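For reference, the structure discussed in these notes is given below.
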Amino acid sequence: MVDALQFLVSGLVIGSIYGLAGIGFTGIYNVTGVVNFAQGDKAMIGAMLAISLSQMGLPPIVAILLAVGLTGAVAVVIECFTVRPVGNDVWRGIIVTIGVGIVLRGIAVVVWGTEARGLPAFSGEEPIHFLGATVSPQSLWVMGITAVLAIGLALFFQLTFIGKAFRACAVNPFASRIVGIEIRTMSPIAFAISGVLGAIAGIIIAPITLMQYDTGLLIGLKGFVACIIGGFGNPMGALLGGLILGIAETFSAGYLSSGYKNAIAFVLLLGFLIFRPEGLFREIDSKLVKHER
Amino acid sequence: MKTPLALVCLLIVPFLGSDYLTNLLIVVMLHALPAIGVSLLMGYTGQISLGHAAFYGLGAYGAAAFSVHGGGDPWIGIALATFLVGVMSSYLGWVIFRLRGHYLAVATLGFGFIVNIAFVELRDWTGGPNGLPGIPPLDIPILDLSFHTDGTFFYVAWVAMILAVVMAQNLVNAPVGLVMRGIAESERAVSSLGNDVTSLKRKILVISAAVSAASGGLYAHYIGYISPQPFAIDFSIKLVVIIAIGGFRSIPGILFATLFVTVITEPLQELGYYDVVVYGLFLVVIIAYMPQGLLQGAYGLGRRMLSGARAPAGAGR
C-alpha cells in the first residue's frame, strides 16, 4: 500500500508536467489546427534559461519570471516565422514544428552543452513523510502550481473575452472566424500561452528530474499522449490525461520494469488512437455542441 | 531510365582511391533506400511516417540476430528480416491507416519509440544499449566474392540502390502511381473511382518498410556492429528532412537530397552539434517557404530571376 501511495504521488507530479504540456498543445491546436511538435522543447528552453539566469546571479524569482517571459516571446517568434507561413496545412505544420524542435534542441546543445542541469529546489530538500510515503517539498510545489494554473486557466476560458474566443475556436473554427475571431490575433496568443505554460512546467520539474537538451522531446510527446487520452478539444481533459498517463507510468515502472516506462506511454497512445481517438472526455463536448469539426 | 544510367558513373568511385569518399557514398546509398521508401509513402501517397527508422532498425537487428545468434547465412538473414518486416508492416498498416494527419504522424512516431525501446530492453537478442557486435561481413563463396572492404561493399550498396530506384520509378510511373498521387490529393475522389484506398496504402507501406529493412540488413553486415542509437527517432526525422529537401515526389531529387544531407552533416558533426541546427533550419525554411523542395524551390527562384516577370509564380513544377 505504501508503495502504491508513493507511486501515486510521483505519478501525479510527473503527470502534472505532461498535463501542462498537453494544455499547451490543445491551445495551439484549437486555434491554428497545428499540432506543435516543438511543445516540449519550450519546457526545456524555459528551464535552461532559468538555470542560466539564476547562475548569473539574479534572484531565483526574477530569473524564473524572466525565463518564463522569454520563452513566451520565443514561442511568439516561432509562430510568426514558421507556423504562419504554413497556414493550416496539417502536413507542413507537423514537419515545420518538428524542424523548430530540432533547431531549439540544437541551439540548446550549442549554448548549454549536453550535460544535465538542475535548479535548486524552491524550498529546501527536507522530505515530508506522509502516511508512510516520502514526498519532497518540490513535488508539492509542482502539484500546487499545476492546480493553481489549472484553476486560473479554467477561469480564463470561462470569464475573459479572449478565453471565450479560444473556446469558440475549439468548438467550431469556421463559425468563429465568421463572427470575427481573427486567427492572426489568436494564434500568437495561443503560442505565448503555450510557451509560458511549457516554461513553467520545465522550471518546476527541473529540481526533481534534471534538464538536458533533449528532455523536452519526451515531455512534448507525452504531453501529446495526454491530449489524446483527454481529448484534443478540451484543455482540462488534457490535464487529466496527463495525470492518468503519469500515474500509469510510475505504476508500471514500479511494478514491471523501469525500462519499459516510456513504452507504456506509447502503448497507451496507440491504444487510444485506435480505439478511442476522440479521447476520454471529448464526447462530453460533442454532446453539448452539435457541430463536429 | 535516365536516373539509373546516370548512377552508373558512380561505379568509378572505388577506383579513385579515396577511402573517405567511398565510405561516404556507401552511407549515402544505404540511406537512399529508406529515403526512397519514405518518399513512396509520404511524398507520393501522402501518408506521414515518423517511424521509418524502426523498419530500418528491425531489418538491421533481424539480419544481425539471424547470423550472430542463429549462425545462419547473412544473405538469407537479410532476406528473412526484410520479409518479416514486410509482413509486420502489413498488419501495422491495417491498424494505423484508420488514422490521418496528426494522429497518423504521432502513431508512427510512437511505433518508432516502442521499437527502439525494444532494441534497448531485449538484451538477450539485441545486446541492449551496448549493441550487438560481431556481425559477419557479406560474401558469395560460390563465386569467390567477398565484400569485406569498403571498396568491394560499395558494389553491393550500389546494386541495392539501383534496384530500389528502378522499382520505385516503375511503381510511380505505372497506373498505380497515379492512384497513389490521387490518394495524396483526395482520398474521396480516388475511392469514388473504385480504388480500395486503405489496401493500397498498406501495400505501399509494405514496400516502403521492406526497402528500409533490406537496407538496414545490409548496413548491419557492412558496419559489423549495431546499437539502438542510429535507429532512434532522429533517423526517422532525418529521412523526412531528406525527402523535404528532395521535393517529396522525385526519386532523383531524393538521391540528391540524401547526398546533400549526408555531405553537409558530416563535416558539421566535427564542429559539435551545429549540424543539428543547420538541418533543422533547412527543414523549417524549406517547409515554410519552399514547399516544393529545395531543388525545385531554388530552380523556380532561379528561373524567375532569369526570365524576369514572364515566368508565373511557382513555376517550379
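Residue numbering restarts at 1 in every chain; chains get A, B, ... in the order shown in the C-alpha cells, and ligands count up from 1 in that same order.
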
- Query: Contacts of stretch 235-244 of chain A at 9 Å or less, counting only C-alpha atoms, minus same-chain residues fewer than 2 places along, as a PyMOL selection string?
  - Reply: chain A and resi 11-27+150+153-154+222-233+246-249+279-282

Keeping only C-alpha atoms, write those residues as a short mmCIF file (atom, residue, chain, number, x, y, z; two decimals), in the first residue's frame.
```cif
data_model
loop_
_atom_site.label_atom_id
_atom_site.label_comp_id
_atom_site.auth_asym_id
_atom_site.auth_seq_id
_atom_site.Cartn_x
_atom_site.Cartn_y
_atom_site.Cartn_z
CA GLY A 11 2.69 9.82 -10.87
CA LEU A 12 0.73 12.95 -10.04
CA VAL A 13 3.93 15.01 -10.07
CA ILE A 14 5.19 13.85 -13.43
CA GLY A 15 1.61 13.75 -14.74
CA SER A 16 1.20 17.44 -13.88
CA ILE A 17 4.09 18.20 -16.20
CA TYR A 18 2.61 16.13 -19.03
CA GLY A 19 -0.71 17.81 -18.39
CA LEU A 20 0.74 21.31 -18.62
CA ALA A 21 2.49 20.40 -21.87
CA GLY A 22 -0.81 18.93 -23.05
CA ILE A 23 -2.72 22.12 -22.33
CA GLY A 24 -0.19 23.97 -24.46
CA PHE A 25 -0.92 21.55 -27.32
CA THR A 26 -4.67 21.95 -27.15
CA GLY A 27 -4.49 25.75 -27.04
CA ALA A 150 -5.48 24.81 -13.98
CA LEU A 153 -6.94 28.72 -16.98
CA ALA A 154 -10.43 27.42 -16.32
CA LYS A 222 3.93 12.65 -23.57
CA GLY A 223 2.05 15.93 -23.48
CA PHE A 224 0.63 14.88 -26.81
CA VAL A 225 -0.29 11.47 -25.42
CA ALA A 226 -2.01 13.33 -22.57
CA CYS A 227 -4.06 15.23 -25.16
CA ILE A 228 -5.00 12.03 -26.94
CA ILE A 229 -6.12 10.46 -23.66
CA GLY A 230 -8.04 13.53 -22.59
CA GLY A 231 -9.30 14.62 -25.98
CA PHE A 232 -7.96 17.44 -28.07
CA GLY A 233 -10.89 19.76 -27.71
CA GLY A 246 1.84 9.95 -15.19
CA ILE A 247 0.20 7.52 -12.80
CA ALA A 248 0.18 4.73 -15.39
CA GLU A 249 3.88 5.32 -15.97
CA GLY A 279 -10.20 10.81 -26.12
CA LEU A 280 -11.90 10.14 -22.84
CA PHE A 281 -13.58 13.48 -22.41
CA ARG A 282 -14.20 14.65 -25.94
#
```

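Residues in contact with A:Thr82 at up to 9 Å, not including ones fewer than 4 positions away on its chain and judged by only C-alpha atoms, are Val77, Ile78, Val86, Gly93, Val96, Thr97 and Val100 of chain A; Val284, Val285, Ile287, Ala288 and Tyr289 of chain B.
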
Selection above as a file: C-alpha atoms, as a CSV table (one decimal), in the first residue's frame:
```csv
chain,number,residue,atom,x,y,z
A,77,VAL,CA,8.6,34.5,-32.7
A,78,ILE,CA,8.3,30.8,-33.7
A,86,VAL,CA,2.4,27.3,-43.4
A,93,GLY,CA,2.5,22.1,-39.9
A,96,VAL,CA,7.8,22.6,-39.7
A,97,THR,CA,7.3,22.3,-36.0
A,100,VAL,CA,11.6,24.0,-35.0
B,284,VAL,CA,12.0,24.9,-41.4
B,285,VAL,CA,12.9,27.2,-44.3
B,287,ILE,CA,8.7,23.6,-45.5
B,288,ALA,CA,7.7,27.2,-44.6
B,289,TYR,CA,9.0,28.9,-47.7
```

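Here atom CA of B:Ile135 stands at a distance of 8.5 Å from atom CA of B:Tyr222.
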
Do you have, as a tab-separated table, the list of residues of chain A lying at most 9 Å from chain B, each with its nearest atom pair and that distance in Å to one decimal, counting only C-alpha atoms and ordered by chain then number?
```
residue	atom	partner	partner_atom	distance
A:Val34	CA	B:His102	CA	8.4
A:Val35	CA	B:His102	CA	6.9
A:Phe81	CA	B:Ala288	CA	8.2
A:Thr82	CA	B:Ala288	CA	5.9
A:Val83	CA	B:Ala288	CA	7.5
A:Arg84	CA	B:Ala288	CA	8.4
A:Pro85	CA	B:Ala288	CA	5.7
A:Val86	CA	B:Ala288	CA	5.4
A:Val90	CA	B:Gly101	CA	6.3
A:Trp91	CA	B:Gly101	CA	6.7
A:Arg92	CA	B:Ile287	CA	6.1
A:Gly93	CA	B:Ile287	CA	8.5
A:Ile94	CA	B:His102	CA	7.2
A:Ile95	CA	B:Ile287	CA	7.2
A:Val96	CA	B:Val284	CA	5.0
A:Thr97	CA	B:Val284	CA	7.6
A:Ile98	CA	B:Ile237	CA	8.1
A:Gly99	CA	B:Gly280	CA	4.7
A:Val100	CA	B:Val284	CA	6.5
A:Gly101	CA	B:Gly280	CA	7.8
A:Ile102	CA	B:Gly280	CA	5.1
A:Val103	CA	B:Val277	CA	4.7
A:Leu104	CA	B:Val277	CA	7.7
A:Arg105	CA	B:Val277	CA	7.8
A:Gly106	CA	B:Val277	CA	4.7
A:Ile107	CA	B:Val277	CA	6.4
A:Val109	CA	B:Tyr273	CA	6.5
A:Val110	CA	B:Tyr273	CA	6.4
A:Leu221	CA	B:Val106	CA	8.3
A:Phe224	CA	B:Val106	CA	8.4
A:Val225	CA	B:Val106	CA	8.8
A:Ile228	CA	B:Tyr103	CA	8.8
A:Gly259	CA	B:Glu121	CA	6.5
A:Tyr260	CA	B:Ile117	CA	7.1
A:Asn262	CA	B:Ile117	CA	7.8
A:Ala263	CA	B:Ile114	CA	5.4
A:Ile264	CA	B:Ile114	CA	8.7
A:Ala265	CA	B:Gly110	CA	8.5
A:Phe266	CA	B:Gly110	CA	5.1
A:Val267	CA	B:Ile114	CA	7.7
A:Leu269	CA	B:Ala107	CA	7.2
A:Leu270	CA	B:Ala107	CA	6.0
A:Leu273	CA	B:Tyr103	CA	7.0
A:Ile274	CA	B:Val95	CA	7.0
A:Pro277	CA	B:Tyr103	CA	8.2
```

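Atom CA of B:Phe119 to atom CA of B:Pro228 spans 5.8 Å [interatomic distance, one decimal].
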
Expressed in Å, the length from atom CA of A:Ile181 to atom CA of A:Thr71 is 25.3 Å

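Shell of A:Ile64 at 12 Å, with only C-alpha atoms counted and residues fewer than 5 places along the chain excluded, is Ile45, Gly46, Ala47, Met48, Leu49, Ala50, Ile51, Ser52, Leu53, Ser54, Gln55, Leu58, Pro59, Gly69, Leu70, Thr71, Leu119, Pro120, Phe122, Val196, Ala199, Ile200, Ala201, Gly202, Ile203, Ile204 and Ala206 of chain A.
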
(Q) I'd like the neighbourhood of B:Ile207 as a PyMOL selection string, where a residue qualifies if any of its atoms comes within 9 Å (using only C-alpha atoms), though same-chain residues fewer than 3 positions away should be ignored. (A) chain B and resi 37+40-41+86+202-204+210-212

Exercise for review: Enumerate the residues of stretch 99-285 of chain B with a DSSP assignment of helix (DSSP H, G or I), computed from the backbone, and present them as number ranges by chain.
Suggested key: B: 101-121, 123-126, 128-130, 150-173, 175-185, 187-192, 197-223, 229-231, 233-245, 251-269, 274-285
